[in-house]
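Visitor: File protein.csv follows (CSV, N, CA and C atoms):
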```
chain,number,residue,atom,x,y,z
R,23,GLY,N,-12.2,-11.6,1.8
R,23,GLY,CA,-13.0,-12.5,1.0
R,23,GLY,C,-13.9,-13.3,1.9
R,24,LYS,N,-14.7,-14.1,1.3
R,24,LYS,CA,-15.6,-15.0,2.0
R,24,LYS,C,-14.8,-16.2,2.5
R,25,ASP,N,-15.2,-16.7,3.7
R,25,ASP,CA,-14.4,-17.8,4.3
R,25,ASP,C,-14.3,-19.0,3.4
R,26,ALA,N,-15.3,-19.5,2.8
R,26,ALA,CA,-15.3,-20.7,1.9
R,26,ALA,C,-14.3,-20.4,0.7
R,27,ASP,N,-14.3,-19.2,0.2
R,27,ASP,CA,-13.4,-18.9,-0.9
R,27,ASP,C,-12.0,-18.9,-0.5
R,28,LEU,N,-11.7,-18.4,0.7
R,28,LEU,CA,-10.4,-18.3,1.2
R,28,LEU,C,-9.9,-19.7,1.6
R,29,ASP,N,-10.8,-20.5,2.2
R,29,ASP,CA,-10.4,-21.9,2.5
R,29,ASP,C,-10.0,-22.6,1.2
R,30,ARG,N,-10.7,-22.5,0.1
R,30,ARG,CA,-10.4,-23.1,-1.2
R,30,ARG,C,-9.0,-22.6,-1.7
R,31,ILE,N,-8.8,-21.3,-1.6
R,31,ILE,CA,-7.5,-20.8,-2.1
R,31,ILE,C,-6.4,-21.3,-1.2
R,32,CYS,N,-6.5,-21.4,0.1
R,32,CYS,CA,-5.5,-21.9,1.0
R,32,CYS,C,-5.2,-23.3,0.7
R,33,GLN,N,-6.1,-24.1,0.2
R,33,GLN,CA,-5.9,-25.5,-0.1
R,33,GLN,C,-5.4,-25.8,-1.5
R,34,ALA,N,-6.0,-25.0,-2.4
R,34,ALA,CA,-5.7,-25.3,-3.8
R,34,ALA,C,-4.9,-24.2,-4.6
R,35,GLY,N,-4.8,-23.1,-4.0
R,35,GLY,CA,-4.1,-22.0,-4.6
R,35,GLY,C,-5.0,-21.1,-5.3
R,36,PHE,N,-4.5,-20.0,-5.9
R,36,PHE,CA,-5.3,-19.0,-6.6
R,36,PHE,C,-5.6,-19.5,-8.0
R,37,ASP,N,-6.8,-19.2,-8.5
R,37,ASP,CA,-7.3,-19.6,-9.8
R,37,ASP,C,-7.7,-18.3,-10.6
R,38,PRO,N,-6.8,-17.8,-11.4
R,38,PRO,CA,-7.1,-16.6,-12.2
R,38,PRO,C,-8.4,-16.7,-13.0
R,39,ARG,N,-8.8,-17.9,-13.4
R,39,ARG,CA,-10.0,-18.0,-14.2
R,39,ARG,C,-11.2,-17.6,-13.5
R,40,LEU,N,-11.2,-17.6,-12.2
R,40,LEU,CA,-12.3,-17.2,-11.4
R,40,LEU,C,-12.3,-15.7,-10.9
R,41,GLY,N,-11.2,-15.0,-11.3
R,41,GLY,CA,-11.0,-13.6,-10.8
R,41,GLY,C,-12.1,-12.7,-11.3
R,42,GLY,N,-12.5,-11.9,-10.4
R,42,GLY,CA,-13.5,-10.8,-10.7
R,42,GLY,C,-14.9,-11.3,-10.8
R,43,GLN,N,-15.2,-12.5,-10.5
R,43,GLN,CA,-16.6,-13.0,-10.6
R,43,GLN,C,-17.6,-12.2,-9.9
R,44,SER,N,-17.2,-11.7,-8.7
R,44,SER,CA,-18.2,-11.0,-7.9
R,44,SER,C,-18.0,-9.5,-7.8
R,45,THR,N,-16.8,-9.0,-8.2
R,45,THR,CA,-16.5,-7.6,-8.0
R,45,THR,C,-16.0,-6.9,-9.3
R,46,GLY,N,-16.1,-7.6,-10.4
R,46,GLY,CA,-15.7,-7.0,-11.7
R,46,GLY,C,-14.3,-7.4,-12.2
R,47,ARG,N,-14.1,-7.0,-13.4
R,47,ARG,CA,-12.8,-7.4,-14.1
R,47,ARG,C,-12.2,-6.2,-14.8
R,48,VAL,N,-11.9,-5.2,-14.1
R,48,VAL,CA,-11.4,-4.0,-14.7
R,48,VAL,C,-10.1,-4.2,-15.5
R,49,PHE,N,-9.3,-5.2,-15.1
R,49,PHE,CA,-8.1,-5.5,-15.8
R,49,PHE,C,-8.1,-6.9,-16.3
R,50,GLY,N,-9.2,-7.4,-16.7
R,50,GLY,CA,-9.3,-8.7,-17.2
R,50,GLY,C,-9.6,-9.8,-16.2
R,51,ARG,N,-9.6,-11.0,-16.7
R,51,ARG,CA,-9.8,-12.2,-15.9
R,51,ARG,C,-8.5,-12.7,-15.4
R,52,GLY,N,-8.2,-12.3,-14.1
R,52,GLY,CA,-7.0,-12.7,-13.5
R,52,GLY,C,-7.2,-12.6,-12.0
R,53,THR,N,-6.0,-12.8,-11.3
R,53,THR,CA,-6.0,-12.7,-9.8
R,53,THR,C,-5.4,-11.4,-9.4
R,54,TYR,N,-6.1,-10.6,-8.6
R,54,TYR,CA,-5.7,-9.3,-8.3
R,54,TYR,C,-5.1,-9.2,-6.9
R,55,PHE,N,-4.0,-8.4,-6.8
R,55,PHE,CA,-3.3,-8.2,-5.6
R,55,PHE,C,-3.0,-6.7,-5.4
R,56,ALA,N,-2.8,-6.4,-4.1
R,56,ALA,CA,-2.6,-5.0,-3.7
R,56,ALA,C,-1.4,-5.0,-2.7
R,57,GLN,N,-0.6,-3.9,-2.7
R,57,GLN,CA,0.4,-3.8,-1.7
R,57,GLN,C,-0.1,-3.1,-0.5
R,58,ASN,N,-1.2,-2.4,-0.6
R,58,ASN,CA,-1.8,-1.8,0.6
R,58,ASN,C,-2.9,-2.6,1.2
R,59,PHE,N,-2.8,-2.9,2.5
R,59,PHE,CA,-3.9,-3.7,3.2
R,59,PHE,C,-5.2,-3.0,3.0
R,60,SER,N,-5.3,-1.7,3.0
R,60,SER,CA,-6.6,-1.0,2.9
R,60,SER,C,-7.3,-1.3,1.6
R,61,LYS,N,-6.6,-1.6,0.6
R,61,LYS,CA,-7.2,-2.0,-0.7
R,61,LYS,C,-7.8,-3.4,-0.6
R,62,ALA,N,-7.0,-4.3,0.0
R,62,ALA,CA,-7.6,-5.7,0.2
R,62,ALA,C,-8.8,-5.7,1.1
R,63,ASP,N,-8.7,-4.8,2.1
R,63,ASP,CA,-9.9,-4.7,3.1
R,63,ASP,C,-11.2,-4.4,2.4
R,64,LEU,N,-11.1,-3.6,1.3
R,64,LEU,CA,-12.4,-3.2,0.6
R,64,LEU,C,-13.1,-4.4,0.1
R,65,TYR,N,-12.4,-5.5,-0.2
R,65,TYR,CA,-13.0,-6.7,-0.8
R,65,TYR,C,-13.2,-7.8,0.2
R,66,ALA,N,-12.9,-7.6,1.4
R,66,ALA,CA,-13.0,-8.6,2.5
R,66,ALA,C,-14.4,-8.7,3.0
R,67,GLY,N,-14.8,-9.8,3.6
R,67,GLY,CA,-16.1,-10.0,4.2
R,67,GLY,C,-17.2,-10.4,3.3
R,68,PRO,N,-18.4,-10.6,3.8
R,68,PRO,CA,-19.5,-11.1,3.0
R,68,PRO,C,-20.0,-10.1,2.0
R,69,ARG,N,-19.7,-8.8,2.2
R,69,ARG,CA,-20.2,-7.8,1.3
R,69,ARG,C,-19.1,-6.8,0.9
R,70,PRO,N,-18.3,-7.1,-0.2
R,70,PRO,CA,-17.2,-6.2,-0.6
R,70,PRO,C,-17.7,-4.8,-0.7
R,71,PHE,N,-17.0,-3.9,-0.2
R,71,PHE,CA,-17.2,-2.4,-0.2
R,71,PHE,C,-18.4,-2.0,0.7
R,72,GLY,N,-19.0,-3.0,1.3
R,72,GLY,CA,-20.1,-2.7,2.3
R,72,GLY,C,-19.6,-2.4,3.7
R,73,LYS,N,-20.5,-2.1,4.5
R,73,LYS,CA,-20.2,-1.9,5.9
R,73,LYS,C,-19.5,-3.1,6.5
R,74,PRO,N,-18.3,-3.0,7.1
R,74,PRO,CA,-17.7,-4.2,7.6
R,74,PRO,C,-18.4,-4.7,8.9
R,75,SER,N,-18.5,-6.0,9.0
R,75,SER,CA,-19.2,-6.5,10.2
R,75,SER,C,-18.5,-7.9,10.5
R,76,GLY,N,-18.4,-8.2,11.8
R,76,GLY,CA,-17.8,-9.4,12.2
R,76,GLY,C,-16.4,-9.6,11.9
R,77,THR,N,-15.9,-10.8,11.9
R,77,THR,CA,-14.5,-11.1,11.6
R,77,THR,C,-14.3,-11.1,10.1
R,78,MET,N,-13.3,-10.4,9.6
R,78,MET,CA,-12.9,-10.3,8.2
R,78,MET,C,-11.6,-11.1,8.0
R,79,SER,N,-11.4,-11.5,6.8
R,79,SER,CA,-10.2,-12.2,6.5
R,79,SER,C,-9.5,-11.7,5.2
R,80,VAL,N,-8.2,-11.6,5.2
R,80,VAL,CA,-7.4,-11.2,4.0
R,80,VAL,C,-6.3,-12.2,3.9
R,81,LEU,N,-5.9,-12.6,2.7
R,81,LEU,CA,-4.7,-13.4,2.5
R,81,LEU,C,-3.5,-12.6,2.1
R,82,VAL,N,-2.4,-12.9,2.7
R,82,VAL,CA,-1.1,-12.4,2.3
R,82,VAL,C,-0.5,-13.4,1.4
R,83,ALA,N,0.0,-13.0,0.2
R,83,ALA,CA,0.5,-14.0,-0.7
R,83,ALA,C,1.9,-13.6,-1.2
R,84,ARG,N,2.7,-14.5,-1.6
R,84,ARG,CA,3.9,-14.3,-2.3
R,84,ARG,C,3.6,-14.4,-3.8
R,85,VAL,N,3.9,-13.3,-4.5
R,85,VAL,CA,3.5,-13.2,-5.9
R,85,VAL,C,4.8,-12.9,-6.8
R,86,ALA,N,4.9,-13.8,-7.8
R,86,ALA,CA,6.0,-13.6,-8.8
R,86,ALA,C,5.5,-12.9,-10.0
R,87,LEU,N,5.8,-11.6,-10.1
R,87,LEU,CA,5.2,-10.8,-11.2
R,87,LEU,C,6.0,-10.9,-12.5
R,88,GLY,N,7.3,-11.2,-12.4
R,88,GLY,CA,8.0,-11.3,-13.7
R,88,GLY,C,8.1,-10.0,-14.4
R,89,GLN,N,8.0,-10.0,-15.7
R,89,GLN,CA,8.0,-8.8,-16.5
R,89,GLN,C,6.6,-8.3,-16.6
R,90,VAL,N,6.4,-7.0,-16.0
R,90,VAL,CA,5.1,-6.5,-15.9
R,90,VAL,C,4.8,-5.5,-17.0
R,91,TYR,N,3.5,-5.4,-17.4
R,91,TYR,CA,3.0,-4.4,-18.3
R,91,TYR,C,2.3,-3.4,-17.5
R,92,ARG,N,2.7,-2.1,-17.7
R,92,ARG,CA,2.1,-1.0,-16.9
R,92,ARG,C,1.0,-0.4,-17.7
R,93,THR,N,-0.2,-0.4,-17.1
R,93,THR,CA,-1.3,0.2,-17.8
R,93,THR,C,-1.9,1.4,-17.0
R,94,LEU,N,-2.4,2.4,-17.7
R,94,LEU,CA,-3.0,3.5,-17.0
R,94,LEU,C,-4.5,3.6,-17.2
R,95,VAL,N,-5.0,2.6,-18.0
R,95,VAL,CA,-6.4,2.6,-18.3
R,95,VAL,C,-6.9,1.1,-18.1
R,96,PRO,N,-8.3,1.0,-17.9
R,96,PRO,CA,-8.9,-0.3,-17.7
R,96,PRO,C,-8.6,-1.2,-19.0
R,97,MET,N,-8.6,-2.5,-18.8
R,97,MET,CA,-8.4,-3.5,-19.9
R,97,MET,C,-9.3,-4.6,-19.6
R,98,THR,N,-10.6,-4.4,-19.6
R,98,THR,CA,-11.6,-5.3,-19.1
R,98,THR,C,-11.7,-6.7,-19.9
R,99,ASP,N,-11.3,-6.7,-21.1
R,99,ASP,CA,-11.5,-7.9,-21.9
R,99,ASP,C,-10.3,-8.9,-22.0
R,100,ILE,N,-9.3,-8.6,-21.3
R,100,ILE,CA,-8.1,-9.4,-21.5
R,100,ILE,C,-8.1,-10.7,-20.6
R,101,ALA,N,-7.5,-11.8,-21.1
R,101,ALA,CA,-7.3,-13.0,-20.3
R,101,ALA,C,-5.8,-13.3,-20.2
R,102,LEU,N,-5.0,-12.5,-20.9
R,102,LEU,CA,-3.6,-12.6,-20.7
R,102,LEU,C,-3.0,-11.1,-20.8
R,103,PRO,N,-1.9,-10.9,-20.3
R,103,PRO,CA,-1.3,-9.5,-20.4
R,103,PRO,C,-1.0,-9.3,-21.9
R,104,PRO,N,-0.8,-8.1,-22.3
R,104,PRO,CA,-0.4,-7.8,-23.7
R,104,PRO,C,0.9,-8.4,-24.1
R,105,GLN,N,1.1,-8.5,-25.4
R,105,GLN,CA,2.4,-9.1,-25.9
R,105,GLN,C,3.5,-8.1,-25.7
R,106,ARG,N,4.7,-8.7,-25.4
R,106,ARG,CA,5.9,-7.9,-25.2
R,106,ARG,C,6.4,-7.5,-26.6
R,107,PRO,N,6.9,-6.3,-26.7
R,107,PRO,CA,7.4,-5.8,-28.0
R,107,PRO,C,8.6,-6.7,-28.5
R,108,GLY,N,8.5,-7.0,-29.8
R,108,GLY,CA,9.6,-7.8,-30.4
R,108,GLY,C,9.6,-9.3,-30.1
R,109,THR,N,8.5,-9.7,-29.4
R,109,THR,CA,8.4,-11.2,-29.1
R,109,THR,C,7.0,-11.6,-29.4
R,110,ARG,N,6.8,-12.9,-29.3
R,110,ARG,CA,5.5,-13.5,-29.5
R,110,ARG,C,4.9,-13.8,-28.1
R,111,ASP,N,5.6,-13.5,-27.1
R,111,ASP,CA,5.3,-13.8,-25.7
R,111,ASP,C,4.6,-12.6,-25.0
R,112,PRO,N,3.6,-12.9,-24.2
R,112,PRO,CA,2.9,-11.9,-23.4
R,112,PRO,C,3.8,-11.5,-22.2
R,113,TYR,N,3.5,-10.3,-21.6
R,113,TYR,CA,4.1,-10.0,-20.3
R,113,TYR,C,3.6,-11.0,-19.3
R,114,ASP,N,4.2,-11.0,-18.1
R,114,ASP,CA,3.8,-12.0,-17.1
R,114,ASP,C,2.7,-11.5,-16.2
R,115,ALA,N,2.6,-10.2,-16.1
R,115,ALA,CA,1.6,-9.6,-15.2
R,115,ALA,C,1.2,-8.2,-15.6
R,116,VAL,N,0.2,-7.6,-15.1
R,116,VAL,CA,-0.2,-6.2,-15.3
R,116,VAL,C,-0.1,-5.5,-14.0
R,117,TRP,N,0.5,-4.3,-14.1
R,117,TRP,CA,0.7,-3.4,-12.9
R,117,TRP,C,-0.1,-2.1,-13.3
R,118,VAL,N,-0.9,-1.7,-12.3
R,118,VAL,CA,-1.7,-0.5,-12.4
R,118,VAL,C,-1.3,0.5,-11.4
R,119,PRO,N,-0.6,1.6,-11.7
R,119,PRO,CA,-0.2,2.5,-10.7
R,119,PRO,C,-1.4,3.3,-10.2
R,120,PRO,N,-1.3,3.9,-9.0
R,120,PRO,CA,-2.4,4.7,-8.5
R,120,PRO,C,-2.6,6.0,-9.3
R,121,LYS,N,-3.7,6.6,-9.0
R,121,LYS,CA,-4.1,7.9,-9.7
R,121,LYS,C,-3.0,8.9,-9.6
R,122,GLU,N,-2.4,9.0,-8.4
R,122,GLU,CA,-1.4,10.0,-8.2
R,122,GLU,C,-0.2,9.8,-9.0
R,123,ASP,N,0.0,8.6,-9.6
R,123,ASP,CA,1.1,8.3,-10.5
R,123,ASP,C,0.6,8.1,-12.0
R,124,GLY,N,-0.6,8.7,-12.3
R,124,GLY,CA,-1.1,8.6,-13.6
R,124,GLY,C,-2.0,7.4,-13.9
R,125,GLY,N,-2.2,6.5,-13.0
R,125,GLY,CA,-3.1,5.4,-13.2
R,125,GLY,C,-4.5,5.7,-13.0
R,126,CYS,N,-5.4,4.7,-12.9
R,126,CYS,CA,-6.8,4.9,-12.8
R,126,CYS,C,-7.4,4.2,-11.6
R,127,VAL,N,-6.6,3.9,-10.6
R,127,VAL,CA,-7.1,3.3,-9.4
R,127,VAL,C,-6.5,4.1,-8.2
R,128,ASP,N,-7.2,3.9,-7.0
R,128,ASP,CA,-6.8,4.6,-5.8
R,128,ASP,C,-5.5,4.1,-5.2
R,129,HIS,N,-5.3,2.8,-5.3
R,129,HIS,CA,-4.1,2.1,-4.8
R,129,HIS,C,-3.6,1.2,-5.9
R,130,ALA,N,-2.2,1.1,-5.9
R,130,ALA,CA,-1.6,0.2,-7.0
R,130,ALA,C,-2.2,-1.2,-6.9
R,131,GLU,N,-2.4,-1.8,-8.1
R,131,GLU,CA,-2.9,-3.2,-8.2
R,131,GLU,C,-2.0,-3.9,-9.1
R,132,TYR,N,-1.9,-5.2,-8.9
R,132,TYR,CA,-1.1,-6.2,-9.7
R,132,TYR,C,-2.0,-7.3,-10.0
R,133,VAL,N,-2.0,-7.7,-11.3
R,133,VAL,CA,-2.9,-8.8,-11.8
R,133,VAL,C,-2.0,-9.9,-12.4
R,134,ILE,N,-2.2,-11.1,-12.0
R,134,ILE,CA,-1.5,-12.2,-12.6
R,134,ILE,C,-2.6,-13.1,-13.4
R,135,TYR,N,-2.1,-13.9,-14.3
R,135,TYR,CA,-3.0,-14.6,-15.2
R,135,TYR,C,-2.7,-16.1,-15.2
R,136,LYS,N,-1.7,-16.5,-14.4
R,136,LYS,CA,-1.4,-17.9,-14.2
R,136,LYS,C,-1.4,-18.3,-12.7
R,137,ASP,N,-2.0,-19.4,-12.4
R,137,ASP,CA,-2.1,-19.8,-11.0
R,137,ASP,C,-0.7,-20.1,-10.3
R,138,SER,N,0.3,-20.4,-11.1
R,138,SER,CA,1.6,-20.7,-10.6
R,138,SER,C,2.4,-19.5,-10.2
R,139,GLN,N,1.9,-18.3,-10.4
R,139,GLN,CA,2.6,-17.1,-10.1
R,139,GLN,C,2.3,-16.6,-8.6
R,140,ALA,N,1.4,-17.2,-7.9
R,140,ALA,CA,1.2,-16.8,-6.5
R,140,ALA,C,0.9,-17.9,-5.6
R,141,VAL,N,1.4,-17.7,-4.3
R,141,VAL,CA,1.2,-18.7,-3.3
R,141,VAL,C,0.6,-18.0,-2.1
R,142,PRO,N,-0.5,-18.5,-1.5
R,142,PRO,CA,-1.0,-17.9,-0.3
R,142,PRO,C,0.0,-18.2,0.9
R,143,MET,N,0.3,-17.2,1.6
R,143,MET,CA,1.3,-17.4,2.7
R,143,MET,C,0.6,-17.3,4.1
R,144,TYR,N,-0.2,-16.3,4.3
R,144,TYR,CA,-0.8,-16.1,5.6
R,144,TYR,C,-2.3,-15.7,5.4
R,145,ARG,N,-3.1,-16.1,6.4
R,145,ARG,CA,-4.4,-15.6,6.5
R,145,ARG,C,-4.6,-14.7,7.7
R,146,ILE,N,-5.0,-13.5,7.5
R,146,ILE,CA,-5.1,-12.5,8.6
R,146,ILE,C,-6.6,-12.3,8.9
R,147,ARG,N,-7.0,-12.6,10.1
R,147,ARG,CA,-8.3,-12.4,10.6
R,147,ARG,C,-8.4,-11.1,11.4
R,148,TYR,N,-9.3,-10.3,11.2
R,148,TYR,CA,-9.4,-9.0,12.0
R,148,TYR,C,-10.8,-8.5,12.0
R,149,ARG,N,-11.0,-7.5,12.8
R,149,ARG,CA,-12.3,-6.8,12.9
R,149,ARG,C,-12.1,-5.3,12.9
R,150,HIS,N,-13.1,-4.6,12.3
R,150,HIS,CA,-13.1,-3.2,12.4
R,150,HIS,C,-13.8,-2.8,13.7
R,151,ASP,N,-13.1,-1.9,14.5
R,151,ASP,CA,-13.6,-1.5,15.7
R,151,ASP,C,-14.8,-0.5,15.5
R,152,ALA,N,-15.7,-0.4,16.4
R,152,ALA,CA,-16.8,0.6,16.3
R,152,ALA,C,-16.4,2.0,16.1
R,153,SER,N,-15.2,2.4,16.5
R,153,SER,CA,-14.7,3.7,16.4
R,153,SER,C,-13.7,3.9,15.2
R,154,CYS,N,-13.7,2.9,14.3
R,154,CYS,CA,-12.8,2.9,13.2
R,154,CYS,C,-13.1,4.1,12.2
R,155,LEU,N,-12.0,4.7,11.8
R,155,LEU,CA,-12.2,5.9,10.9
R,155,LEU,C,-11.6,5.6,9.5
R,156,CYS,N,-11.5,4.4,9.1
R,156,CYS,CA,-10.9,4.1,7.8
R,156,CYS,C,-12.0,4.5,6.7
R,157,SER,N,-11.5,4.6,5.5
R,157,SER,CA,-12.4,5.1,4.5
R,157,SER,C,-13.7,4.1,4.3
R,158,ARG,N,-13.5,2.9,4.5
R,158,ARG,CA,-14.6,1.9,4.3
R,158,ARG,C,-15.7,2.2,5.4
R,159,CYS,N,-15.2,2.4,6.6
R,159,CYS,CA,-16.2,2.6,7.7
R,159,CYS,C,-16.8,4.0,7.6
R,160,ARG,N,-16.1,5.0,7.2
R,160,ARG,CA,-16.6,6.3,7.0
R,160,ARG,C,-17.7,6.3,5.9
R,161,ALA,N,-17.5,5.5,4.8
R,161,ALA,CA,-18.4,5.5,3.7
R,161,ALA,C,-19.7,4.8,4.0
R,162,SER,N,-19.6,3.9,4.9
R,162,SER,CA,-20.8,3.0,5.2
R,162,SER,C,-21.8,3.8,6.0
```
What's the structure tokens form of this structure?

Guide:
Amino acid sequence: GKDADLDRICQAGFDPRLGGQSTGRVFGRGTYFAQNFSKADLYAGPRPFGKPSGTMSVLVARVALGQVYRTLVPMTDIALPPQRPGTRDPYDAVWVPPKEDGGCVDHAEYVIYKDSQAVPMYRIRYRHDASCLCSRCRAS
């Protein structure tokens, strides 16, 4: 992410209301997490998905998913997870499995819709080496 955004998150926490403002809301307005660093790397830096340059930053967070709703398709208009069967309560989070498991994303994603569900733990700063062969560098 951008340094100013990450500074704000480190100080005040995640705000799902702001989720997807610059990169889309495929699974609604929430805070998106990935278990693979390579997925987070795609959104890091001043130009998400663009050629990496300079020092990049990614946050590692502790996320309480609770009861998750598994979706295989985009859900762009949601602000809360779907309602749990037999209750009036929504699920706590959305889980999107990767394409290889029937989902619609390259790497698993997790989306939360309440700020109290995640705490930033670590900020990792790194650079892509000139000889990097990751998918982001190869595509640039």

Visitor: Can you tell me which residues surround Asp29 of chain R at a distance of at most 12 Å, considering only C-alpha atoms, apart from same-chain residues fewer than 2 positions away, and format the answer as a ChimeraX atom specification?

Guide: /R:23-27,31-36,79-81,142,144-145

Visitor: Just checking: using only N, CA and C atoms, which residue out of R:Ser60, R:Thr53, R:Thr93, R:Ser75 ends up closest to Lys136 of chain R?

Guide: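 Distance minimum relative to Lys136 of chain R lands on R:Thr53.
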
Visitor: Quick one: DSSP strand (DSSP E) residues in chain R, as a JSON list (two decimals) with N, CA and C atoms, in the frame of the given file?

Guide:
```json
[["chain", "number", "residue", "atom", "x", "y", "z"],
["R", 53, "THR", "N", -6.00, -12.80, -11.30],
["R", 53, "THR", "CA", -6.00, -12.70, -9.80],
["R", 53, "THR", "C", -5.40, -11.40, -9.40],
["R", 54, "TYR", "N", -6.10, -10.60, -8.60],
["R", 54, "TYR", "CA", -5.70, -9.30, -8.30],
["R", 54, "TYR", "C", -5.10, -9.20, -6.90],
["R", 55, "PHE", "N", -4.00, -8.40, -6.80],
["R", 55, "PHE", "CA", -3.30, -8.20, -5.60],
["R", 55, "PHE", "C", -3.00, -6.70, -5.40],
["R", 56, "ALA", "N", -2.80, -6.40, -4.10],
["R", 56, "ALA", "CA", -2.60, -5.00, -3.70],
["R", 56, "ALA", "C", -1.40, -5.00, -2.70],
["R", 78, "MET", "N", -13.30, -10.40, 9.60],
["R", 78, "MET", "CA", -12.90, -10.30, 8.20],
["R", 78, "MET", "C", -11.60, -11.10, 8.00],
["R", 79, "SER", "N", -11.40, -11.50, 6.80],
["R", 79, "SER", "CA", -10.20, -12.20, 6.50],
["R", 79, "SER", "C", -9.50, -11.70, 5.20],
["R", 80, "VAL", "N", -8.20, -11.60, 5.20],
["R", 80, "VAL", "CA", -7.40, -11.20, 4.00],
["R", 80, "VAL", "C", -6.30, -12.20, 3.90],
["R", 81, "LEU", "N", -5.90, -12.60, 2.70],
["R", 81, "LEU", "CA", -4.70, -13.40, 2.50],
["R", 81, "LEU", "C", -3.50, -12.60, 2.10],
["R", 82, "VAL", "N", -2.40, -12.90, 2.70],
["R", 82, "VAL", "CA", -1.10, -12.40, 2.30],
["R", 82, "VAL", "C", -0.50, -13.40, 1.40],
["R", 83, "ALA", "N", 0.00, -13.00, 0.20],
["R", 83, "ALA", "CA", 0.50, -14.00, -0.70],
["R", 83, "ALA", "C", 1.90, -13.60, -1.20],
["R", 84, "ARG", "N", 2.70, -14.50, -1.60],
["R", 84, "ARG", "CA", 3.90, -14.30, -2.30],
["R", 84, "ARG", "C", 3.60, -14.40, -3.80],
["R", 85, "VAL", "N", 3.90, -13.30, -4.50],
["R", 85, "VAL", "CA", 3.50, -13.20, -5.90],
["R", 85, "VAL", "C", 4.80, -12.90, -6.80],
["R", 90, "VAL", "N", 6.40, -7.00, -16.00],
["R", 90, "VAL", "CA", 5.10, -6.50, -15.90],
["R", 90, "VAL", "C", 4.80, -5.50, -17.00],
["R", 91, "TYR", "N", 3.50, -5.40, -17.40],
["R", 91, "TYR", "CA", 3.00, -4.40, -18.30],
["R", 91, "TYR", "C", 2.30, -3.40, -17.50],
["R", 92, "ARG", "N", 2.70, -2.10, -17.70],
["R", 92, "ARG", "CA", 2.10, -1.00, -16.90],
["R", 92, "ARG", "C", 1.00, -0.40, -17.70],
["R", 115, "ALA", "N", 2.60, -10.20, -16.10],
["R", 115, "ALA", "CA", 1.60, -9.60, -15.20],
["R", 115, "ALA", "C", 1.20, -8.20, -15.60],
["R", 116, "VAL", "N", 0.20, -7.60, -15.10],
["R", 116, "VAL", "CA", -0.20, -6.20, -15.30],
["R", 116, "VAL", "C", -0.10, -5.50, -14.00],
["R", 117, "TRP", "N", 0.50, -4.30, -14.10],
["R", 117, "TRP", "CA", 0.70, -3.40, -12.90],
["R", 117, "TRP", "C", -0.10, -2.10, -13.30],
["R", 118, "VAL", "N", -0.90, -1.70, -12.30],
["R", 118, "VAL", "CA", -1.70, -0.50, -12.40],
["R", 118, "VAL", "C", -1.30, 0.50, -11.40],
["R", 131, "GLU", "N", -2.40, -1.80, -8.10],
["R", 131, "GLU", "CA", -2.90, -3.20, -8.20],
["R", 131, "GLU", "C", -2.00, -3.90, -9.10],
["R", 132, "TYR", "N", -1.90, -5.20, -8.90],
["R", 132, "TYR", "CA", -1.10, -6.20, -9.70],
["R", 132, "TYR", "C", -2.00, -7.30, -10.00],
["R", 133, "VAL", "N", -2.00, -7.70, -11.30],
["R", 133, "VAL", "CA", -2.90, -8.80, -11.80],
["R", 133, "VAL", "C", -2.00, -9.90, -12.40],
["R", 134, "ILE", "N", -2.20, -11.10, -12.00],
["R", 134, "ILE", "CA", -1.50, -12.20, -12.60],
["R", 134, "ILE", "C", -2.60, -13.10, -13.40],
["R", 140, "ALA", "N", 1.40, -17.20, -7.90],
["R", 140, "ALA", "CA", 1.20, -16.80, -6.50],
["R", 140, "ALA", "C", 0.90, -17.90, -5.60],
["R", 141, "VAL", "N", 1.40, -17.70, -4.30],
["R", 141, "VAL", "CA", 1.20, -18.70, -3.30],
["R", 141, "VAL", "C", 0.60, -18.00, -2.10],
["R", 142, "PRO", "N", -0.50, -18.50, -1.50],
["R", 142, "PRO", "CA", -1.00, -17.90, -0.30],
["R", 142, "PRO", "C", 0.00, -18.20, 0.90],
["R", 143, "MET", "N", 0.30, -17.20, 1.60],
["R", 143, "MET", "CA", 1.30, -17.40, 2.70],
["R", 143, "MET", "C", 0.60, -17.30, 4.10],
["R", 144, "TYR", "N", -0.20, -16.30, 4.30],
["R", 144, "TYR", "CA", -0.80, -16.10, 5.60],
["R", 144, "TYR", "C", -2.30, -15.70, 5.40],
["R", 145, "ARG", "N", -3.10, -16.10, 6.40],
["R", 145, "ARG", "CA", -4.40, -15.60, 6.50],
["R", 145, "ARG", "C", -4.60, -14.70, 7.70],
["R", 146, "ILE", "N", -5.00, -13.50, 7.50],
["R", 146, "ILE", "CA", -5.10, -12.50, 8.60],
["R", 146, "ILE", "C", -6.60, -12.30, 8.90],
["R", 147, "ARG", "N", -7.00, -12.60, 10.10],
["R", 147, "ARG", "CA", -8.30, -12.40, 10.60],
["R", 147, "ARG", "C", -8.40, -11.10, 11.40],
["R", 148, "TYR", "N", -9.30, -10.30, 11.20],
["R", 148, "TYR", "CA", -9.40, -9.00, 12.00],
["R", 148, "TYR", "C", -10.80, -8.50, 12.00]]
```

Visitor: Work out how far atom C of Tyr132 of chain R is from atom CA of Val90 of chain R, in Å to one decimal.

Guide: 9.3 Å

Visitor: Record the distance separating atom C of Pro96 of chain R and atom C of Arg47 of chain R, expressed in Å with one decimal.

Guide: 7.5 Å

Visitor: Name the closest residue to Val141 of chain R among the candidates R:Ala83, R:Val116, R:Asp99, R:Gly125; distances are taken between atoms, counting all atoms listed in the file.

Guide: R:Ala83

Visitor: Kindly give the distance, in Å, that separates atom CA of Gln57 of chain R and atom N of Pro38 of chain R, rounded to a single decimal.

Guide: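 Between atom CA of Gln57 of chain R and atom N of Pro38 of chain R the gap is 18.5 Å.
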
Visitor: For each of R:Ala101, R:Gly67, R:Leu40, R:Tyr113, take the minimum atom-to-atom distance to Gly88 of chain R, counting only N, CA and C atoms, then give the residue where this is smallest.

Guide: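 Residue with the minimum atom-to-atom distance to Gly88 of chain R: R:Tyr113.
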
Visitor: As a list in words, please: all residues of segment 51-105 of chain R that backbone DSSP puts in helix (DSSP H, G or I).

Guide: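 Filtering segment 51-105 of chain R to helix (DSSP H, G or I) leaves Phe59, Ser60, Lys61, Ala62, Asp63 and Leu64 of chain R.
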